[in-house]
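Structure below is input_0.csv: CSV, C-alpha atoms.
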chain,number,residue,atom,x,y,z
A,1,THR,CA,-55.1,73.3,-1.3
A,2,VAL,CA,-54.5,77.1,-1.4
A,3,PRO,CA,-51.7,78.0,-4.0
A,4,THR,CA,-49.7,81.2,-3.5
A,5,VAL,CA,-47.4,83.5,-5.6
A,6,PRO,CA,-44.0,83.4,-3.8
A,7,THR,CA,-42.5,86.3,-5.9
A,8,ALA,CA,-45.0,88.8,-4.6
A,9,PRO,CA,-44.5,90.5,-1.2
A,10,THR,CA,-48.3,90.8,-0.8
A,11,ALA,CA,-48.9,87.3,-2.1
A,12,PRO,CA,-52.5,86.5,-3.1
A,13,THR,CA,-54.4,83.3,-2.5
A,14,ALA,CA,-56.6,81.6,-5.0
A,15,GLN,CA,-59.3,79.5,-3.3
A,16,HIS,CA,-61.1,76.8,-5.2
A,17,GLY,CA,-64.2,75.0,-3.9
A,18,GLU,CA,-67.5,73.7,-5.0
A,19,GLY,CA,-69.0,77.2,-4.8
A,20,ASP,CA,-67.7,80.5,-6.2
A,21,VAL,CA,-64.0,80.9,-6.8
A,22,GLU,CA,-62.3,84.0,-5.5
A,23,VAL,CA,-58.9,85.7,-5.2
A,24,LYS,CA,-57.9,87.5,-2.1
A,25,LEU,CA,-55.1,90.0,-2.0
A,26,ARG,CA,-53.9,91.3,1.4
A,27,ARG,CA,-52.6,94.9,1.1
A,28,GLN,CA,-51.8,96.3,4.5
A,29,ALA,CA,-55.1,95.9,6.5
A,30,LYS,CA,-57.2,95.8,3.4
A,31,VAL,CA,-58.3,92.6,1.6
A,32,VAL,CA,-59.1,92.9,-2.1
A,33,ARG,CA,-61.4,90.3,-3.5
A,34,ALA,CA,-62.1,89.3,-7.1
A,35,ALA,CA,-64.1,86.6,-8.7
A,36,GLY,CA,-61.8,83.9,-10.1
A,37,TYR,CA,-62.3,81.0,-12.5
A,38,ALA,CA,-62.9,77.3,-12.1
A,39,ASP,CA,-59.6,76.7,-13.9
A,40,LYS,CA,-56.8,76.8,-11.3
A,41,GLU,CA,-54.1,78.3,-13.7
A,42,ALA,CA,-56.4,81.0,-14.9
A,43,THR,CA,-57.3,82.0,-11.3
A,44,GLN,CA,-53.6,82.1,-10.4
A,45,ALA,CA,-52.9,84.3,-13.4
A,46,LEU,CA,-55.6,86.7,-12.2
A,47,ALA,CA,-54.1,86.7,-8.7
A,48,SER,CA,-50.7,87.7,-10.2
A,49,GLU,CA,-52.4,90.5,-12.2
A,50,LEU,CA,-53.9,91.9,-9.0
A,51,VAL,CA,-50.5,92.0,-7.4
A,52,ARG,CA,-49.0,93.8,-10.4
A,53,LYS,CA,-51.8,96.3,-10.5
A,54,ALA,CA,-51.4,97.0,-6.7
A,55,GLU,CA,-47.7,97.6,-7.1
A,56,ARG,CA,-48.2,100.0,-10.0
A,57,GLN,CA,-50.8,101.9,-8.1
A,58,LYS,CA,-48.4,102.1,-5.0
A,59,ALA,CA,-45.7,103.4,-7.3
A,60,GLY,CA,-47.9,106.1,-8.6
A,61,ILE,CA,-48.0,104.6,-12.1
A,62,LEU,CA,-51.6,105.1,-13.5
A,63,ASP,CA,-53.1,102.8,-16.0
A,64,PRO,CA,-54.6,104.7,-18.9
A,65,PHE,CA,-56.8,101.8,-19.8
A,66,ASP,CA,-58.2,101.1,-16.3
A,67,ASP,CA,-61.5,103.0,-16.8
A,68,GLN,CA,-62.2,101.3,-20.1
A,69,ARG,CA,-61.5,97.9,-18.6
A,70,LYS,CA,-64.1,98.4,-16.0
A,71,ARG,CA,-66.9,99.3,-18.4
A,72,PRO,CA,-69.4,96.6,-19.3
A,73,LEU,CA,-68.4,94.7,-22.4
A,74,LYS,CA,-71.9,95.3,-23.8
A,75,GLU,CA,-71.3,99.0,-23.9
A,76,HIS,CA,-68.2,98.6,-25.9
A,77,LEU,CA,-70.0,96.3,-28.3
A,78,ALA,CA,-72.8,98.8,-28.8
A,79,GLU,CA,-70.4,101.6,-29.5
A,80,TRP,CA,-68.5,99.4,-32.0
A,81,GLU,CA,-71.8,98.8,-33.7
A,82,GLN,CA,-72.4,102.5,-34.0
A,83,SER,CA,-68.8,102.9,-35.4
A,84,LEU,CA,-69.4,100.3,-38.1
A,85,ARG,CA,-72.6,102.1,-39.2
A,86,ALA,CA,-70.8,105.4,-39.3
A,87,LYS,CA,-68.4,104.0,-41.8
A,88,ARG,CA,-71.4,103.2,-44.1
A,89,ASN,CA,-71.1,99.5,-44.0
A,90,THR,CA,-74.2,97.7,-45.1
A,91,GLU,CA,-76.8,96.9,-42.4
A,92,LYS,CA,-76.4,93.2,-43.1
A,93,TYR,CA,-72.7,93.4,-42.6
A,94,VAL,CA,-73.0,95.4,-39.3
A,95,GLN,CA,-75.6,93.1,-37.8
A,96,LEU,CA,-73.7,89.9,-38.7
A,97,ALA,CA,-70.3,91.1,-37.4
A,98,VAL,CA,-71.8,92.4,-34.1
A,99,LYS,CA,-73.9,89.3,-33.7
A,100,ARG,CA,-71.0,86.9,-34.1
A,101,ALA,CA,-68.7,88.9,-31.8
A,102,ARG,CA,-71.4,89.3,-29.1
A,103,GLU,CA,-72.3,85.6,-29.3
A,104,VAL,CA,-68.6,84.6,-28.6
A,105,LEU,CA,-67.8,87.2,-25.9
A,106,ILE,CA,-71.0,87.0,-24.0
A,107,GLY,CA,-71.1,83.2,-24.5
A,108,CYS,CA,-67.8,83.0,-22.9
A,109,GLY,CA,-69.3,84.7,-19.8
A,110,TYR,CA,-67.2,87.8,-20.1
A,111,ALA,CA,-68.5,90.9,-18.4
A,112,THR,CA,-65.5,93.2,-19.1
A,113,VAL,CA,-62.9,93.2,-21.8
A,114,SER,CA,-60.1,92.6,-19.2
A,115,GLU,CA,-61.4,89.0,-18.9
A,116,VAL,CA,-60.9,88.1,-22.5
A,117,THR,CA,-58.3,85.4,-23.2
A,118,ASP,CA,-57.4,83.8,-26.6
A,119,TRP,CA,-57.6,80.2,-25.4
A,120,ARG,CA,-61.1,80.6,-23.9
A,121,VAL,CA,-62.4,82.3,-27.1
A,122,VAL,CA,-61.0,79.5,-29.3
A,123,ALA,CA,-62.4,76.8,-27.1
A,124,PHE,CA,-65.9,78.4,-27.1
A,125,ILE,CA,-65.9,78.7,-30.9
A,126,ASP,CA,-64.6,75.2,-31.3
A,127,ASP,CA,-67.4,73.8,-29.1
A,128,ARG,CA,-70.2,75.8,-30.8
A,129,ARG,CA,-73.2,73.5,-31.7
A,130,GLY,CA,-71.4,70.6,-30.2
A,131,GLY,CA,-68.4,71.1,-32.4
A,132,ALA,CA,-70.4,70.7,-35.6
A,133,LEU,CA,-69.4,74.1,-37.1
A,134,GLY,CA,-67.1,73.9,-40.2
A,135,ALA,CA,-63.7,75.5,-40.1
A,136,GLN,CA,-64.8,78.4,-42.3
A,137,THR,CA,-67.7,79.2,-40.1
A,138,LYS,CA,-65.5,79.1,-37.0
A,139,ASN,CA,-63.1,81.5,-38.7
A,140,PHE,CA,-66.0,83.9,-39.3
A,141,TYR,CA,-66.7,84.0,-35.6
A,142,LEU,CA,-63.0,84.4,-34.8
A,143,GLN,CA,-62.6,87.2,-37.4
A,144,ALA,CA,-65.6,89.2,-36.0
A,145,THR,CA,-64.4,88.9,-32.5
A,146,ARG,CA,-60.8,89.8,-33.4
A,147,GLN,CA,-62.1,92.8,-35.5
A,148,PHE,CA,-64.0,94.1,-32.4
A,149,LEU,CA,-60.9,93.8,-30.2
A,150,ARG,CA,-58.7,95.4,-32.9
A,151,TRP,CA,-61.2,98.4,-32.9
A,152,MET,CA,-60.8,98.5,-29.1
A,153,LYS,CA,-57.1,98.7,-29.3
A,154,LEU,CA,-57.1,101.4,-32.1
A,155,ASN,CA,-59.4,103.5,-30.0
A,156,ARG,CA,-57.2,103.3,-26.9
A,157,ARG,CA,-59.6,101.1,-24.9
A,158,ILE,CA,-57.2,98.2,-24.4
A,159,PRO,CA,-53.4,98.1,-24.7
A,160,ASP,CA,-53.2,94.9,-26.7
A,161,ASN,CA,-55.5,92.7,-28.7
A,162,PRO,CA,-55.5,89.3,-27.0
A,163,LEU,CA,-56.6,87.6,-30.3
A,164,GLU,CA,-54.0,89.3,-32.5
A,165,GLY,CA,-51.8,86.2,-32.9
A,166,THR,CA,-54.6,83.6,-32.8
A,167,LYS,CA,-54.4,81.3,-35.8
A,168,PRO,CA,-57.5,80.5,-37.8
A,169,TRP,CA,-58.8,77.0,-38.4
A,170,ASN,CA,-57.5,75.2,-41.5
A,171,VAL,CA,-60.3,75.1,-44.1
A,172,ASP,CA,-58.2,72.9,-46.4
A,173,VAL,CA,-58.6,69.9,-44.1
A,174,ASP,CA,-62.3,70.5,-43.4
A,175,ARG,CA,-64.0,71.0,-46.7
A,176,ARG,CA,-67.7,71.0,-46.2
A,177,HIS,CA,-69.0,72.4,-49.5
A,178,ASP,CA,-66.5,72.4,-52.4
A,179,ARG,CA,-68.0,74.6,-55.1
A,180,ARG,CA,-67.4,74.5,-58.8
A,181,ALA,CA,-68.9,76.0,-61.9
A,182,LEU,CA,-71.7,74.1,-63.7
A,183,THR,CA,-70.9,72.6,-67.1
A,184,GLU,CA,-72.7,73.8,-70.2
A,185,GLU,CA,-74.7,70.6,-70.2
A,186,GLU,CA,-75.7,71.0,-66.5
A,187,VAL,CA,-76.8,74.6,-67.2
A,188,ARG,CA,-78.9,73.6,-70.1
A,189,ARG,CA,-80.6,70.8,-68.1
A,190,LEU,CA,-81.2,73.2,-65.2
A,191,LEU,CA,-82.9,75.8,-67.5
A,192,ASP,CA,-85.0,73.3,-69.4
A,193,SER,CA,-86.3,71.5,-66.2
A,194,THR,CA,-87.0,74.8,-64.5
A,195,ALA,CA,-88.9,76.2,-67.5
A,196,GLU,CA,-91.0,73.1,-67.6
A,197,SER,CA,-91.7,73.1,-63.9
A,198,ARG,CA,-95.3,73.6,-62.7
A,199,ASP,CA,-94.1,74.3,-59.1
A,200,SER,CA,-94.1,77.9,-57.7
A,201,TYR,CA,-91.2,79.0,-55.6
A,202,ARG,CA,-91.3,82.3,-53.7
A,203,GLY,CA,-94.2,83.4,-55.9
A,204,LEU,CA,-92.3,82.7,-59.1
A,205,ALA,CA,-93.5,80.2,-61.7
A,206,GLY,CA,-91.0,77.9,-63.4
A,207,PRO,CA,-90.6,79.9,-66.7
A,208,ASP,CA,-90.0,83.1,-64.6
A,209,ARG,CA,-87.3,81.4,-62.5
A,210,ALA,CA,-85.7,80.0,-65.7
A,211,ILE,CA,-85.4,83.6,-67.0
A,212,LEU,CA,-83.7,84.7,-63.8
A,213,TYR,CA,-81.3,81.8,-63.9
A,214,ARG,CA,-80.4,82.6,-67.4
A,215,VAL,CA,-79.7,86.2,-66.4
A,216,ALA,CA,-77.5,85.1,-63.6
A,217,VAL,CA,-75.6,82.6,-65.7
A,218,SER,CA,-75.1,85.2,-68.5
A,219,THR,CA,-74.1,88.2,-66.4
A,220,GLY,CA,-72.6,86.7,-63.2
A,221,LEU,CA,-74.9,88.8,-61.1
A,222,ARG,CA,-75.7,87.4,-57.6
A,223,ALA,CA,-79.3,87.0,-56.3
A,224,ALA,CA,-79.3,90.3,-54.4
A,225,GLU,CA,-77.9,92.2,-57.4
A,226,ILE,CA,-80.6,90.8,-59.7
A,227,ALA,CA,-83.3,91.6,-57.1
A,228,SER,CA,-82.1,95.2,-57.0
A,229,LEU,CA,-82.5,95.7,-60.8
A,230,THR,CA,-85.1,98.2,-62.0
A,231,PRO,CA,-86.1,99.4,-65.5
A,232,LYS,CA,-83.5,102.2,-65.1
A,233,SER,CA,-80.8,99.6,-64.8
A,234,PHE,CA,-81.1,98.8,-68.5
A,235,LEU,CA,-80.0,100.8,-71.6
A,236,LEU,CA,-82.9,100.1,-74.0

Transcribe the structure of this file into structure tokens.
Amino acid sequence: TVPTVPTAPTAPTAQHGEGDVEVKLRRQAKVVRAAGYADKEATQALASELVRKAERQKAGILDPFDDQRKRPLKEHLAEWEQSLRAKRNTEKYVQLAVKRAREVLIGCGYATVSEVTDWRVVAFIDDRRGGALGAQTKNFYLQATRQFLRWMKLNRRIPDNPLEGTKPWNVDVDRRHDRRALTEEEVRRLLDSTAESRDSYRGLAGPDRAILYRVAVSTGLRAAEIASLTPKSFLL
């Protein structure tokens, strides 16, 4: 079956078969071809977009985003990475944000930003690792991808962010690791058992680890903050 778009004078056809899917748009004596999708509705939407673009070009209405849409998505991601570093974000933050956005967009099979759709991104994230990801982790991937597309929009590379209205996963109904503060008794037992331990962990003996735990509990410093301490950090 070959569906058509009856509202368009130069109606496209979206052909589906066992092999590649393609969209054909007849414009005078010229046939414009574009790769479609396995999903019939998505391919039909692409066909309608080709008609709209052809009509705008015929009317002399230029698309200011056309050049950016044609650029490889990997180039945009690389430039976004440079932008994040230029804003003096930590290297860990930059690498993690770019890694997550790249995994989603490239994992969806996108080659250009014009192919990005919210439903496909959500479906890909939801199916990551066989659907075993927690809601909060899924939101991290969604947030990074949405952040990249927001940067694209702010820098006049796309007219709209396709993920702008996408709702995050509800973490309240998918609690994987509820955290709470240790009681005084639990802290005491942790420090005592660690100080008496004969095992070495990451090159630290039990008594040394007990001191670090005591510093963390007393100051609220995180592991990375404690690791960054030097003699100059103390007023002695």

I'd like the neighbourhood of Cys108 in chain A as number ranges by chain, where a residue qualifies if any of its atoms comes within 10 Å (using all atoms listed in the file), though same-chain residues fewer than 2 positions away should be ignored. A: 102-106, 110-111, 115-117, 120-125

Contacts of range 54-98 of chain A with range 137-145 of chain A up to 10 Å, shortest pair per row, all atoms listed in the file, as a tab-separated table:
residue	atom	partner	partner_atom	distance
A:Leu96	CA	A:Ala144	CA	8.6
A:Ala97	CA	A:Ala144	CA	5.3
A:Val98	CA	A:Ala144	CA	7.2

So that each row is one residue of range 158-194 of chain A with an atom at most 12 Å from range 215-227 of chain A, can you give its shortest atom pair and the distance in Å to one decimal, using all atoms listed in the file, rows by chain and rising number, as a tab-separated table?
residue	atom	partner	partner_atom	distance
A:Ala181	CA	A:Val217	CA	10.1
A:Leu182	CA	A:Val217	CA	9.6
A:Thr183	CA	A:Val217	CA	11.1
A:Glu184	CA	A:Val217	CA	10.3
A:Glu186	CA	A:Val217	CA	11.6
A:Val187	CA	A:Val217	CA	8.2
A:Arg188	CA	A:Val217	CA	10.5
A:Leu190	CA	A:Val217	CA	11.0
A:Leu191	CA	A:Val217	CA	10.1

If we count only C-alpha atoms, what is near Lys53 in chain A at a cut-off of 9 Å, once residues fewer than 5 positions away on the same chain are taken out, given as a PyMOL selection string? chain A and resi 48+58+63

Calculate how many Å separate CA of Leu154 in chain A from CA of Arg100 in chain A, rounding to one decimal. 20.2 Å

For the atom pair CA of Gly165 in chain A and CA of Leu77 in chain A, what is the interatomic distance in Å to one decimal place? 21.3 Å

Take CA of Leu46 in chain A and CA of Phe65 in chain A and report the distance between them in Å, one decimal.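 Distance reported for this atom pair: 16.9 Å.
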
Contacts of range 78-89 of chain A within 10 Å, all atoms listed in the file, excl. fewer than 2 positions in-chain, as a list of chain:residue names: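 The residues that qualify are A:Leu73, A:Lys74, A:Glu75, A:His76, A:Glu91, A:Lys92, A:Tyr93, A:Val94, A:Gln95, A:Ala97, A:Val98, A:Lys99, A:Arg102, A:Gln147, A:Phe148, A:Leu149, A:Trp151, A:Met152.
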